[in-house]
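Structure file protein17.cif (mmCIF, C-alpha atoms, pLDDT in the B column; chains and numbers go by the auth columns) follows.
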```
data_my_file
loop_
_atom_site.group_PDB
_atom_site.id
_atom_site.type_symbol
_atom_site.label_atom_id
_atom_site.label_comp_id
_atom_site.label_asym_id
_atom_site.label_seq_id
_atom_site.Cartn_x
_atom_site.Cartn_y
_atom_site.Cartn_z
_atom_site.B_iso_or_equiv
_atom_site.auth_seq_id
_atom_site.auth_asym_id
ATOM 1 C CA MET A 1 25.211 -16.522 10.261 96.00 1 F
ATOM 2 C CA ASP A 2 21.509 -15.994 10.636 98.00 2 F
ATOM 3 C CA VAL A 3 19.282 -17.636 8.033 98.00 3 F
ATOM 4 C CA LEU A 4 15.787 -16.182 7.681 98.00 4 F
ATOM 5 C CA TYR A 5 12.701 -17.551 5.951 98.00 5 F
ATOM 6 C CA PHE A 6 9.586 -15.660 4.889 98.00 6 F
ATOM 7 C CA ALA A 7 6.056 -16.424 3.671 98.00 7 F
ATOM 8 C CA TRP A 8 5.490 -20.036 2.515 98.00 8 F
ATOM 9 C CA VAL A 9 9.201 -20.821 2.840 98.00 9 F
ATOM 10 C CA ARG A 10 8.913 -20.027 6.570 98.00 10 F
ATOM 11 C CA GLU A 11 5.781 -22.143 6.864 97.00 11 F
ATOM 12 C CA ARG A 12 7.261 -25.099 4.990 97.00 12 F
ATOM 13 C CA ILE A 13 10.482 -25.125 6.997 97.00 13 F
ATOM 14 C CA GLY A 14 8.631 -24.382 10.207 97.00 14 F
ATOM 15 C CA LEU A 15 10.648 -21.514 11.629 97.00 15 F
ATOM 16 C CA PRO A 16 11.336 -17.863 10.822 98.00 16 F
ATOM 17 C CA LYS A 17 15.023 -17.709 11.657 98.00 17 F
ATOM 18 C CA GLU A 18 17.903 -19.901 12.747 98.00 18 F
ATOM 19 C CA ARG A 19 21.614 -19.704 13.416 98.00 19 F
ATOM 20 C CA VAL A 20 23.587 -21.756 10.893 97.00 20 F
ATOM 21 C CA GLU A 21 27.258 -22.675 11.053 95.00 21 F
ATOM 22 C CA THR A 22 28.375 -23.305 7.504 95.00 22 F
ATOM 23 C CA THR A 23 31.455 -23.748 5.351 93.00 23 F
ATOM 24 C CA ALA A 24 29.498 -22.847 2.211 96.00 24 F
ATOM 25 C CA SER A 25 31.011 -20.047 0.142 97.00 25 F
ATOM 26 C CA THR A 26 27.955 -19.273 -2.018 98.00 26 F
ATOM 27 C CA VAL A 27 24.199 -19.153 -1.524 98.00 27 F
ATOM 28 C CA ALA A 28 23.826 -22.241 -3.745 98.00 28 F
ATOM 29 C CA GLU A 29 26.229 -24.224 -1.528 98.00 29 F
ATOM 30 C CA LEU A 30 24.324 -23.125 1.567 98.00 30 F
ATOM 31 C CA VAL A 31 21.098 -24.324 -0.070 98.00 31 F
ATOM 32 C CA ASP A 32 22.724 -27.720 -0.764 97.00 32 F
ATOM 33 C CA GLU A 33 23.743 -28.000 2.899 97.00 33 F
ATOM 34 C CA LEU A 34 20.260 -27.111 4.096 98.00 34 F
ATOM 35 C CA ARG A 35 18.573 -29.521 1.667 97.00 35 F
ATOM 36 C CA ALA A 36 20.717 -32.370 2.957 97.00 36 F
ATOM 37 C CA ARG A 37 19.480 -31.779 6.507 95.00 37 F
ATOM 38 C CA GLU A 38 15.852 -32.865 6.429 96.00 38 F
ATOM 39 C CA ASP A 39 12.926 -33.391 4.085 97.00 39 F
ATOM 40 C CA ARG A 40 11.229 -30.120 4.980 97.00 40 F
ATOM 41 C CA TYR A 41 14.287 -28.201 3.753 98.00 41 F
ATOM 42 C CA ASP A 42 14.607 -30.403 0.692 97.00 42 F
ATOM 43 C CA VAL A 43 10.978 -29.726 -0.212 96.00 43 F
ATOM 44 C CA ALA A 44 11.184 -25.979 0.436 97.00 44 F
ATOM 45 C CA PHE A 45 14.256 -25.622 -1.791 98.00 45 F
ATOM 46 C CA SER A 46 13.209 -28.094 -4.494 97.00 46 F
ATOM 47 C CA ASP A 47 12.501 -25.370 -7.075 96.00 47 F
ATOM 48 C CA LEU A 48 14.950 -22.484 -6.842 96.00 48 F
ATOM 49 C CA SER A 49 13.190 -20.644 -9.675 94.00 49 F
ATOM 50 C CA ALA A 50 10.315 -20.134 -7.209 95.00 50 F
ATOM 51 C CA LEU A 51 12.638 -18.553 -4.629 97.00 51 F
ATOM 52 C CA ARG A 52 14.481 -15.309 -4.136 97.00 52 F
ATOM 53 C CA VAL A 53 17.434 -14.629 -1.855 98.00 53 F
ATOM 54 C CA ALA A 54 18.840 -11.631 -0.013 98.00 54 F
ATOM 55 C CA VAL A 55 22.335 -11.509 1.495 98.00 55 F
ATOM 56 C CA ASP A 56 22.711 -8.919 4.252 98.00 56 F
ATOM 57 C CA GLN A 57 19.322 -7.489 3.246 97.00 57 F
ATOM 58 C CA GLU A 58 20.230 -6.915 -0.414 96.00 58 F
ATOM 59 C CA LEU A 59 18.550 -8.917 -3.181 96.00 59 F
ATOM 60 C CA THR A 60 21.027 -11.083 -5.025 97.00 60 F
ATOM 61 C CA ASP A 61 21.188 -14.421 -6.844 97.00 61 F
ATOM 62 C CA PHE A 62 22.059 -17.969 -5.903 98.00 62 F
ATOM 63 C CA ASP A 63 25.622 -17.703 -7.253 97.00 63 F
ATOM 64 C CA ALA A 64 26.386 -14.874 -4.836 98.00 64 F
ATOM 65 C CA SER A 65 29.161 -15.197 -2.268 98.00 65 F
ATOM 66 C CA ILE A 66 28.204 -15.442 1.381 98.00 66 F
ATOM 67 C CA ALA A 67 31.748 -14.917 2.656 94.00 67 F
ATOM 68 C CA GLY A 68 31.497 -12.714 5.739 95.00 68 F
ATOM 69 C CA ALA A 69 27.708 -12.435 5.436 97.00 69 F
ATOM 70 C CA ARG A 70 25.753 -11.922 8.665 97.00 70 F
ATOM 71 C CA GLU A 71 22.305 -12.686 7.294 98.00 71 F
ATOM 72 C CA VAL A 72 20.877 -14.717 4.421 98.00 72 F
ATOM 73 C CA ALA A 73 17.131 -14.681 3.740 98.00 73 F
ATOM 74 C CA PHE A 74 15.050 -16.949 1.503 98.00 74 F
ATOM 75 C CA PHE A 75 11.558 -16.090 0.307 98.00 75 F
ATOM 76 C CA PRO A 76 9.135 -16.371 -2.619 98.00 76 F
ATOM 77 C CA PRO A 77 8.860 -13.629 -5.252 97.00 77 F
ATOM 78 C CA MET A 78 7.613 -10.489 -3.540 97.00 78 F
ATOM 79 C CA THR A 79 4.036 -9.253 -3.746 96.00 79 F
ATOM 80 C CA GLY A 80 4.080 -5.690 -2.490 95.00 80 F
ATOM 81 C CA GLY A 81 2.005 -2.732 -3.543 91.00 81 F
ATOM 82 C CA MET B 1 11.360 12.256 0.571 96.00 82 R
ATOM 83 C CA ARG B 2 9.580 10.168 3.175 97.00 83 R
ATOM 84 C CA VAL B 3 9.336 6.380 3.404 98.00 84 R
ATOM 85 C CA ILE B 4 7.126 4.906 6.108 98.00 85 R
ATOM 86 C CA VAL B 5 6.546 1.237 6.935 98.00 86 R
ATOM 87 C CA GLN B 6 3.881 0.730 9.576 98.00 87 R
ATOM 88 C CA GLU B 7 1.174 -1.623 10.785 98.00 88 R
ATOM 89 C CA ALA B 8 -1.364 1.090 11.633 98.00 89 R
ATOM 90 C CA PRO B 9 -3.778 2.583 9.098 98.00 90 R
ATOM 91 C CA PHE B 10 -2.813 5.922 7.551 98.00 91 R
ATOM 92 C CA ASP B 11 -4.982 8.906 6.651 98.00 92 R
ATOM 93 C CA PHE B 12 -4.792 9.053 2.862 98.00 93 R
ATOM 94 C CA GLY B 13 -6.517 12.424 2.611 97.00 94 R
ATOM 95 C CA ALA B 14 -4.370 14.089 5.253 98.00 95 R
ATOM 96 C CA GLU B 15 -1.159 12.661 3.811 98.00 96 R
ATOM 97 C CA ALA B 16 -2.072 13.786 0.289 98.00 97 R
ATOM 98 C CA GLU B 17 -2.982 17.276 1.543 97.00 98 R
ATOM 99 C CA VAL B 18 0.302 17.713 3.422 97.00 99 R
ATOM 100 C CA PHE B 19 2.263 16.356 0.483 97.00 100 R
ATOM 101 C CA ALA B 20 0.600 18.685 -2.040 96.00 101 R
ATOM 102 C CA SER B 21 0.977 21.800 0.114 96.00 102 R
ATOM 103 C CA GLY B 22 3.707 24.307 0.774 89.00 103 R
ATOM 104 C CA ARG B 23 5.650 24.394 -2.480 88.00 104 R
ATOM 105 C CA HIS B 24 5.309 26.789 -5.359 93.00 105 R
ATOM 106 C CA ASP B 25 7.690 25.181 -7.843 94.00 106 R
ATOM 107 C CA MET B 26 5.885 21.838 -8.295 95.00 107 R
ATOM 108 C CA GLY B 27 3.017 22.043 -10.764 96.00 108 R
ATOM 109 C CA ALA B 28 2.031 18.371 -10.574 97.00 109 R
ATOM 110 C CA VAL B 29 1.279 16.023 -7.700 98.00 110 R
ATOM 111 C CA VAL B 30 0.257 12.417 -8.387 98.00 111 R
ATOM 112 C CA THR B 31 -1.050 10.108 -5.669 98.00 112 R
ATOM 113 C CA PHE B 32 -1.873 6.424 -5.829 98.00 113 R
ATOM 114 C CA THR B 33 -3.291 4.222 -3.128 98.00 114 R
ATOM 115 C CA GLY B 34 -3.667 0.442 -3.139 97.00 115 R
ATOM 116 C CA VAL B 35 -6.774 -1.038 -1.487 97.00 116 R
ATOM 117 C CA VAL B 36 -7.482 -4.574 -0.248 97.00 117 R
ATOM 118 C CA ARG B 37 -9.721 -6.011 -2.946 93.00 118 R
ATOM 119 C CA ASP B 38 -12.246 -8.780 -2.480 89.00 119 R
ATOM 120 C CA PHE B 39 -12.267 -10.312 -5.942 76.00 120 R
ATOM 121 C CA GLY B 40 -14.066 -13.445 -4.794 71.00 121 R
ATOM 122 C CA GLY B 41 -17.412 -11.695 -4.348 78.00 122 R
ATOM 123 C CA GLY B 42 -17.466 -11.540 -0.558 79.00 123 R
ATOM 124 C CA GLY B 43 -15.165 -14.504 -0.052 91.00 124 R
ATOM 125 C CA LEU B 44 -12.204 -12.591 1.338 94.00 125 R
ATOM 126 C CA ASP B 45 -12.094 -12.163 5.109 95.00 126 R
ATOM 127 C CA ALA B 46 -8.723 -10.436 5.366 96.00 127 R
ATOM 128 C CA MET B 47 -5.379 -9.827 3.752 97.00 128 R
ATOM 129 C CA GLU B 48 -2.269 -10.445 5.814 98.00 129 R
ATOM 130 C CA ILE B 49 0.969 -8.823 4.750 98.00 130 R
ATOM 131 C CA GLU B 50 4.276 -10.157 5.979 98.00 131 R
ATOM 132 C CA HIS B 51 7.471 -8.182 5.489 98.00 132 R
ATOM 133 C CA TYR B 52 11.194 -8.349 6.179 98.00 133 R
ATOM 134 C CA PRO B 53 11.894 -5.872 8.981 95.00 134 R
ATOM 135 C CA GLY B 54 15.284 -4.333 8.424 90.00 135 R
ATOM 136 C CA MET B 55 15.285 -4.824 4.682 97.00 136 R
ATOM 137 C CA THR B 56 11.910 -3.243 3.893 98.00 137 R
ATOM 138 C CA GLN B 57 12.781 0.329 4.824 97.00 138 R
ATOM 139 C CA LYS B 58 16.098 0.210 2.972 97.00 139 R
ATOM 140 C CA ALA B 59 14.588 -1.359 -0.156 97.00 140 R
ATOM 141 C CA LEU B 60 11.811 1.241 -0.298 98.00 141 R
ATOM 142 C CA GLU B 61 14.255 4.107 0.269 98.00 142 R
ATOM 143 C CA LYS B 62 16.424 2.833 -2.563 97.00 143 R
ATOM 144 C CA ILE B 63 13.448 2.636 -4.947 97.00 144 R
ATOM 145 C CA ALA B 64 12.192 6.098 -3.927 98.00 145 R
ATOM 146 C CA THR B 65 15.664 7.649 -4.239 98.00 146 R
ATOM 147 C CA GLU B 66 16.005 6.250 -7.752 98.00 147 R
ATOM 148 C CA ALA B 67 12.632 7.742 -8.710 98.00 148 R
ATOM 149 C CA VAL B 68 13.523 11.146 -7.257 98.00 149 R
ATOM 150 C CA GLU B 69 16.832 11.241 -9.140 98.00 150 R
ATOM 151 C CA ARG B 70 15.543 9.894 -12.450 98.00 151 R
ATOM 152 C CA TRP B 71 12.573 12.256 -12.740 97.00 152 R
ATOM 153 C CA SER B 72 14.099 15.163 -10.764 95.00 153 R
ATOM 154 C CA LEU B 73 11.152 15.042 -8.382 98.00 154 R
ATOM 155 C CA GLY B 74 10.622 17.801 -5.867 97.00 155 R
ATOM 156 C CA ASP B 75 9.411 15.200 -3.393 97.00 156 R
ATOM 157 C CA ALA B 76 8.261 11.598 -3.061 98.00 157 R
ATOM 158 C CA LEU B 77 6.258 9.752 -0.405 98.00 158 R
ATOM 159 C CA VAL B 78 5.853 6.022 0.148 98.00 159 R
ATOM 160 C CA ILE B 79 3.684 4.565 2.916 98.00 160 R
ATOM 161 C CA HIS B 80 3.298 0.780 3.067 98.00 161 R
ATOM 162 C CA ARG B 81 1.490 -1.188 5.754 98.00 162 R
ATOM 163 C CA TYR B 82 2.007 -4.711 6.988 98.00 163 R
ATOM 164 C CA GLY B 83 -0.127 -6.966 9.176 98.00 164 R
ATOM 165 C CA ARG B 84 -3.808 -7.848 8.848 98.00 165 R
ATOM 166 C CA MET B 85 -6.207 -5.727 6.777 98.00 166 R
ATOM 167 C CA GLU B 86 -9.836 -6.119 5.769 97.00 167 R
ATOM 168 C CA PRO B 87 -11.324 -5.567 2.299 96.00 168 R
ATOM 169 C CA GLY B 88 -11.554 -1.847 1.577 96.00 169 R
ATOM 170 C CA GLU B 89 -8.623 -0.917 3.817 98.00 170 R
ATOM 171 C CA LYS B 90 -5.788 0.996 2.221 98.00 171 R
ATOM 172 C CA ILE B 91 -2.575 -1.015 2.013 98.00 172 R
ATOM 173 C CA MET B 92 -0.180 1.602 0.743 98.00 173 R
ATOM 174 C CA MET B 93 0.185 4.911 -1.026 98.00 174 R
ATOM 175 C CA VAL B 94 2.745 6.710 -3.102 98.00 175 R
ATOM 176 C CA ALA B 95 2.882 10.385 -3.989 98.00 176 R
ATOM 177 C CA THR B 96 5.184 12.211 -6.374 98.00 177 R
ATOM 178 C CA ALA B 97 5.683 15.911 -6.997 98.00 178 R
ATOM 179 C CA ALA B 98 7.289 17.318 -10.139 98.00 179 R
ATOM 180 C CA PRO B 99 7.181 20.569 -12.123 97.00 180 R
ATOM 181 C CA HIS B 100 5.134 18.801 -14.855 96.00 181 R
ATOM 182 C CA ARG B 101 2.552 16.015 -14.777 97.00 182 R
ATOM 183 C CA LYS B 102 4.305 13.600 -17.152 97.00 183 R
ATOM 184 C CA ASP B 103 7.224 13.184 -14.771 98.00 184 R
ATOM 185 C CA ALA B 104 4.940 12.901 -11.751 98.00 185 R
ATOM 186 C CA PHE B 105 2.817 10.178 -13.416 98.00 186 R
ATOM 187 C CA GLU B 106 5.796 8.223 -14.725 98.00 187 R
ATOM 188 C CA ALA B 107 7.627 8.350 -11.415 98.00 188 R
ATOM 189 C CA ALA B 108 4.505 7.114 -9.589 98.00 189 R
ATOM 190 C CA GLU B 109 4.202 4.198 -12.022 98.00 190 R
ATOM 191 C CA TYR B 110 7.883 3.402 -11.570 98.00 191 R
ATOM 192 C CA LEU B 111 7.456 3.402 -7.781 98.00 192 R
ATOM 193 C CA MET B 112 4.466 1.068 -8.050 97.00 193 R
ATOM 194 C CA ASP B 113 6.160 -1.326 -10.456 96.00 194 R
ATOM 195 C CA TYR B 114 9.186 -1.645 -8.191 96.00 195 R
ATOM 196 C CA LEU B 115 7.137 -1.829 -4.993 96.00 196 R
ATOM 197 C CA LYS B 116 5.250 -4.789 -6.440 95.00 197 R
ATOM 198 C CA SER B 117 8.276 -6.915 -7.246 93.00 198 R
ATOM 199 C CA ARG B 118 11.311 -5.566 -5.374 96.00 199 R
ATOM 200 C CA ALA B 119 10.050 -4.617 -1.919 97.00 200 R
ATOM 201 C CA PRO B 120 10.034 -7.505 0.586 98.00 201 R
ATOM 202 C CA PHE B 121 6.311 -7.864 1.216 98.00 202 R
ATOM 203 C CA TRP B 122 4.244 -11.029 0.864 98.00 203 R
ATOM 204 C CA LYS B 123 0.448 -11.118 0.774 97.00 204 R
ATOM 205 C CA LYS B 124 -1.654 -13.905 2.200 97.00 205 R
ATOM 206 C CA GLU B 125 -5.397 -14.094 1.674 96.00 206 R
ATOM 207 C CA HIS B 126 -7.691 -15.394 4.397 96.00 207 R
ATOM 208 C CA SER B 127 -11.053 -16.472 2.989 94.00 208 R
ATOM 209 C CA VAL B 128 -14.278 -16.426 5.018 93.00 209 R
ATOM 210 C CA ASP B 129 -14.375 -20.241 4.924 91.00 210 R
ATOM 211 C CA GLY B 130 -11.037 -20.426 6.733 92.00 211 R
ATOM 212 C CA GLU B 131 -8.768 -21.169 3.774 93.00 212 R
ATOM 213 C CA THR B 132 -5.460 -19.320 3.429 95.00 213 R
ATOM 214 C CA ASP B 133 -3.489 -18.704 0.262 95.00 214 R
ATOM 215 C CA TRP B 134 -0.230 -16.913 -0.444 97.00 215 R
ATOM 216 C CA VAL B 135 -0.747 -14.538 -3.343 95.00 216 R
ATOM 217 C CA ALA B 136 1.491 -15.623 -6.228 94.00 217 R
ATOM 218 C CA ALA B 137 3.648 -13.053 -7.968 92.00 218 R
ATOM 219 C CA LYS B 138 2.464 -12.361 -11.517 91.00 219 R
ATOM 220 C CA ASP B 139 4.764 -12.646 -14.529 89.00 220 R
ATOM 221 C CA GLU B 140 3.295 -9.394 -15.831 91.00 221 R
ATOM 222 C CA ASP B 141 4.485 -7.599 -12.686 91.00 222 R
ATOM 223 C CA GLU B 142 8.034 -8.827 -13.261 89.00 223 R
ATOM 224 C CA ASP B 143 7.777 -7.982 -16.975 90.00 224 R
ATOM 225 C CA ALA B 144 6.635 -4.463 -16.081 91.00 225 R
ATOM 226 C CA LEU B 145 10.134 -3.700 -14.776 93.00 226 R
ATOM 227 C CA THR B 146 11.704 -4.155 -18.211 92.00 227 R
ATOM 228 C CA ARG B 147 10.149 -0.929 -19.500 92.00 228 R
ATOM 229 C CA TRP B 148 12.239 1.086 -17.052 93.00 229 R
#
```
Before we go any further, please render this structure as structure tokens.
Amino acid sequence: MDVLYFAWVRERIGLPKERVETTASTVAELVDELRAREDRYDVAFSDLSALRVAVDQELTDFDASIAGAREVAFFPPMTGG
Amino acid sequence: MRVIVQEAPFDFGAEAEVFASGRHDMGAVVTFTGVVRDFGGGGLDAMEIEHYPGMTQKALEKIATEAVERWSLGDALVIHRYGRMEPGEKIMMVATAAPHRKDAFEAAEYLMDYLKSRAPFWKKEHSVDGETDWVAAKDEDEDALTRW
């Protein structure tokens, strides 16, 4: 699946988008896999209360299933308007 | 209902005029526009707005559709820009049309509250001295959703 990062999450991880092969079944498991990769991921995901997640472009929570998902995006709370 | 996400500036006056014209059954039109604000007394060089192409349009359409249904609006308009903007530039606008003003005002406030916290935009401030800062979401903006 594609994993996307926005705003300071993108800056901290150092890329906007990457292809990830995963066996994770939930967002939280995917986060654990990413955190285990490298420090920059570990730092970016250190406080999940400061992050939001969308699966296939719909806002959801970290317990959500990612089975069959094409796209998971991580970002800080939104500041539109 | 129209939802527009674009980088280019929009003509607030022209959009409001078109929106408010041509119908005889809507007695109330409310418009709101958000402007890049320099609250540091000349310290802000520009505001940069990042968004999530693909999700943004859908999220805004969902919010606008909910407003139209809940307040039985005759029409609704949302325009939201992304990219780099200078102080004084208009970032976004919403417009609502309803038979009576109460519904038009409430629906506009609903649109704004949801745009703030549920539409995938992120603001970054560039100060004149070269510093950059992501604008943090405010608890009060999240709390504002509970009244709906």
Q.
Tell me as a ChimeraX atom specification which residues belonging to chain R come within 6 Å of chain F, counting all atoms listed in the file.
A. /R:136,196-198,201-203,218
Can you tell me which residues surround stretch 21-34 of chain F at a distance of at most 8 Å, considering only C-alpha atoms, apart from same-chain residues fewer than 3 positions away, and format the answer as a tab-separated table (two decimals) with C-alpha atoms, in the frame of the given file?
```tsv
chain	number	residue	atom	x	y	z
F	1	MET	CA	25.21	-16.52	10.26
F	37	ARG	CA	19.48	-31.78	6.51
F	38	GLU	CA	15.85	-32.86	6.43
F	41	TYR	CA	14.29	-28.20	3.75
F	42	ASP	CA	14.61	-30.40	0.69
F	45	PHE	CA	14.26	-25.62	-1.79
F	61	ASP	CA	21.19	-14.42	-6.84
F	62	PHE	CA	22.06	-17.97	-5.90
F	63	ASP	CA	25.62	-17.70	-7.25
F	64	ALA	CA	26.39	-14.87	-4.84
F	65	SER	CA	29.16	-15.20	-2.27
F	66	ILE	CA	28.20	-15.44	1.38
F	67	ALA	CA	31.75	-14.92	2.66
```
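Among the candidates R:Asp126, R:Glu206, R:Glu223, R:Asp156, the one nearest to R:Gly108 when counting only C-alpha atoms is R:Asp156.
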Q: Starting from the displayed file, determine the output of the PyMOL selection byres ((chain R and resi 174) around 6) and express the residue list as a list in words.
A: Phe113, Thr114, Val159, Ile160, Met173 and Val175 of chain R
Q | Separation of atom CA of F:Arg70 from atom CA of R:Glu131, in Å and rounded to one decimal | A | 21.7 Å
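For the pair atom CA of R:Glu187 and atom CA of R:Phe91, the interatomic distance is 24.0 Å.
Here the question is which of R:Trp215, R:Trp229, R:Phe186, R:Phe120 gets nearest to R:Ala157 using all atoms listed in the file, and that residue is R:Phe186.
Take atom CA of R:Ala178 and atom CA of R:Val111: the distance between them is 6.6 Å.
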Q.
Which residues are close to F:Val43, i.e. within 10 Å by only C-alpha atoms, leaving aside same-chain residues fewer than 4 positions away? Reply as number ranges by chain.
A. F: 9, 12-13, 35, 38-39, 47
Q.
Can you spell out as a list of chain:residue names the set of residues that the PyMOL selection byres ((chain R and resi 110) around 9) selects in the structure I just provided?
A. R:Ala97, R:Phe100, R:Ala101, R:Met107, R:Gly108, R:Ala109, R:Val111, R:Thr112, R:Ala176, R:Thr177, R:Ala178, R:Ala179, R:Pro180, R:His181, R:Arg182, R:Ala185, R:Phe186
As lines of an AutoDock Vina configuration file, please report the centre and edge lengths, rounded to one decimal in Å, of the axis-aligned box that holds all listed atoms of stretch 47-52 of chain F with 6 Å of padding on each of the six sides.
```
center_x = 12.6
center_y = -20.3
center_z = -6.9
size_x = 16.6
size_y = 22.1
size_z = 17.5
```
Just say which residues the PyMOL selection byres ((chain R and resi 171) around 6) picks in this file, as a CSV table (one decimal) with C-alpha atoms, keeping the file's coordinate frame.
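Here's the written file out-v7.csv:
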```
chain,number,residue,atom,x,y,z
R,115,GLY,CA,-3.7,0.4,-3.1
R,116,VAL,CA,-6.8,-1.0,-1.5
R,170,GLU,CA,-8.6,-0.9,3.8
R,172,ILE,CA,-2.6,-1.0,2.0
R,173,MET,CA,-0.2,1.6,0.7
```
Q: Give as a ChimeraX atom specification every residue, naming chains and numbers as the document does, that has an atom within 6 Å of (-1.3, -9.1, 10.1), counting only C-alpha atoms.
A: /R:129-130,164-165
Those residues with C-alpha atoms, as an mmCIF file, in the coordinates of the input please?
```cif
data_model
loop_
_atom_site.group_PDB
_atom_site.id
_atom_site.type_symbol
_atom_site.label_atom_id
_atom_site.label_comp_id
_atom_site.auth_asym_id
_atom_site.auth_seq_id
_atom_site.Cartn_x
_atom_site.Cartn_y
_atom_site.Cartn_z
ATOM 1 C CA GLU R 129 -2.269 -10.445 5.814
ATOM 2 C CA ILE R 130 0.969 -8.823 4.750
ATOM 3 C CA GLY R 164 -0.127 -6.966 9.176
ATOM 4 C CA ARG R 165 -3.808 -7.848 8.848
#
```
Q. Can you tell me, as an MDAnalysis selection string, which residues sit within 6 Å of (4.4, -1.5, 8.7) in the file's frame, using all atoms listed in the file?
A. chainID R and resid 86:88 162:163
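Residues in contact with R:Met128 at 7 Å, where only C-alpha atoms are counted and same-chain residues fewer than 3 positions away are skipped, are listed as Val117, Arg165, Met166, Glu167, Lys204, Lys205, Glu206 and His207 of chain R.
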Q | Among the residues F:Arg40, F:Leu48, F:Ala69, F:Asp2, the one that comes closest to F:Lys17 [using all atoms listed in the file] | A | F:Asp2
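Minimum distance to F:Leu15 across F:Gly68, F:Phe74, F:Ser46, F:Thr60 (counting all atoms listed in the file) occurs at F:Phe74.
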Written record: stretch 191-209 of chain R, N, CA and C atoms, as a PDB file, in the first residue's frame:
```pdb
ATOM      1  N   TYR R 191     -21.363  26.086  11.038  1.00  0.00           N
ATOM      2  CA  TYR R 191     -21.109  24.645  10.992  1.00  0.00           C
ATOM      3  C   TYR R 191     -20.013  24.346   9.956  1.00  0.00           C
ATOM      4  N   LEU R 192     -20.165  24.926   8.765  1.00  0.00           N
ATOM      5  CA  LEU R 192     -19.161  24.719   7.715  1.00  0.00           C
ATOM      6  C   LEU R 192     -17.786  25.141   8.204  1.00  0.00           C
ATOM      7  N   MET R 193     -17.705  26.308   8.847  1.00  0.00           N
ATOM      8  CA  MET R 193     -16.417  26.810   9.315  1.00  0.00           C
ATOM      9  C   MET R 193     -15.818  25.918  10.398  1.00  0.00           C
ATOM     10  N   ASP R 194     -16.667  25.498  11.344  1.00  0.00           N
ATOM     11  CA  ASP R 194     -16.158  24.651  12.423  1.00  0.00           C
ATOM     12  C   ASP R 194     -15.585  23.343  11.869  1.00  0.00           C
ATOM     13  N   TYR R 195     -16.275  22.767  10.896  1.00  0.00           N
ATOM     14  CA  TYR R 195     -15.793  21.499  10.344  1.00  0.00           C
ATOM     15  C   TYR R 195     -14.607  21.682   9.399  1.00  0.00           C
ATOM     16  N   LEU R 196     -14.609  22.813   8.672  1.00  0.00           N
ATOM     17  CA  LEU R 196     -13.453  23.094   7.806  1.00  0.00           C
ATOM     18  C   LEU R 196     -12.167  23.204   8.610  1.00  0.00           C
ATOM     19  N   LYS R 197     -12.285  23.816   9.786  1.00  0.00           N
ATOM     20  CA  LYS R 197     -11.117  24.045  10.644  1.00  0.00           C
ATOM     21  C   LYS R 197     -10.460  22.738  11.066  1.00  0.00           C
ATOM     22  N   SER R 198     -11.286  21.765  11.453  1.00  0.00           N
ATOM     23  CA  SER R 198     -10.742  20.578  12.114  1.00  0.00           C
ATOM     24  C   SER R 198     -10.890  19.270  11.358  1.00  0.00           C
ATOM     25  N   ARG R 199     -11.673  19.263  10.269  1.00  0.00           N
ATOM     26  CA  ARG R 199     -11.930  17.989   9.580  1.00  0.00           C
ATOM     27  C   ARG R 199     -11.578  18.021   8.093  1.00  0.00           C
ATOM     28  N   ALA R 200     -11.076  19.131   7.610  1.00  0.00           N
ATOM     29  CA  ALA R 200     -10.648  19.183   6.211  1.00  0.00           C
ATOM     30  C   ALA R 200      -9.123  19.141   6.198  1.00  0.00           C
ATOM     31  N   PRO R 201      -8.539  18.301   5.327  1.00  0.00           N
ATOM     32  CA  PRO R 201      -7.087  18.051   5.404  1.00  0.00           C
ATOM     33  C   PRO R 201      -6.221  19.180   4.851  1.00  0.00           C
ATOM     34  N   PHE R 202      -6.177  20.259   5.628  1.00  0.00           N
ATOM     35  CA  PHE R 202      -5.290  21.390   5.333  1.00  0.00           C
ATOM     36  C   PHE R 202      -4.372  21.603   6.538  1.00  0.00           C
ATOM     37  N   TRP R 203      -3.148  22.031   6.256  1.00  0.00           N
ATOM     38  CA  TRP R 203      -2.204  22.350   7.327  1.00  0.00           C
ATOM     39  C   TRP R 203      -1.515  23.670   6.997  1.00  0.00           C
ATOM     40  N   LYS R 204      -1.520  24.575   7.984  1.00  0.00           N
ATOM     41  CA  LYS R 204      -0.948  25.908   7.762  1.00  0.00           C
ATOM     42  C   LYS R 204       0.450  25.995   8.341  1.00  0.00           C
ATOM     43  N   LYS R 205       1.321  26.623   7.555  1.00  0.00           N
ATOM     44  CA  LYS R 205       2.688  26.869   8.023  1.00  0.00           C
ATOM     45  C   LYS R 205       2.985  28.352   7.863  1.00  0.00           C
ATOM     46  N   GLU R 206       3.476  28.960   8.932  1.00  0.00           N
ATOM     47  CA  GLU R 206       3.801  30.383   8.883  1.00  0.00           C
ATOM     48  C   GLU R 206       5.271  30.580   8.563  1.00  0.00           C
ATOM     49  N   HIS R 207       5.535  31.494   7.632  1.00  0.00           N
ATOM     50  CA  HIS R 207       6.904  31.890   7.315  1.00  0.00           C
ATOM     51  C   HIS R 207       7.099  33.304   7.844  1.00  0.00           C
ATOM     52  N   SER R 208       7.992  33.488   8.803  1.00  0.00           N
ATOM     53  CA  SER R 208       8.199  34.835   9.340  1.00  0.00           C
ATOM     54  C   SER R 208       9.234  35.571   8.496  1.00  0.00           C
ATOM     55  N   VAL R 209       9.247  36.913   8.624  1.00  0.00           N
ATOM     56  CA  VAL R 209      10.172  37.715   7.811  1.00  0.00           C
ATOM     57  C   VAL R 209      11.629  37.418   8.160  1.00  0.00           C
TER      58      VAL R 209
END
```
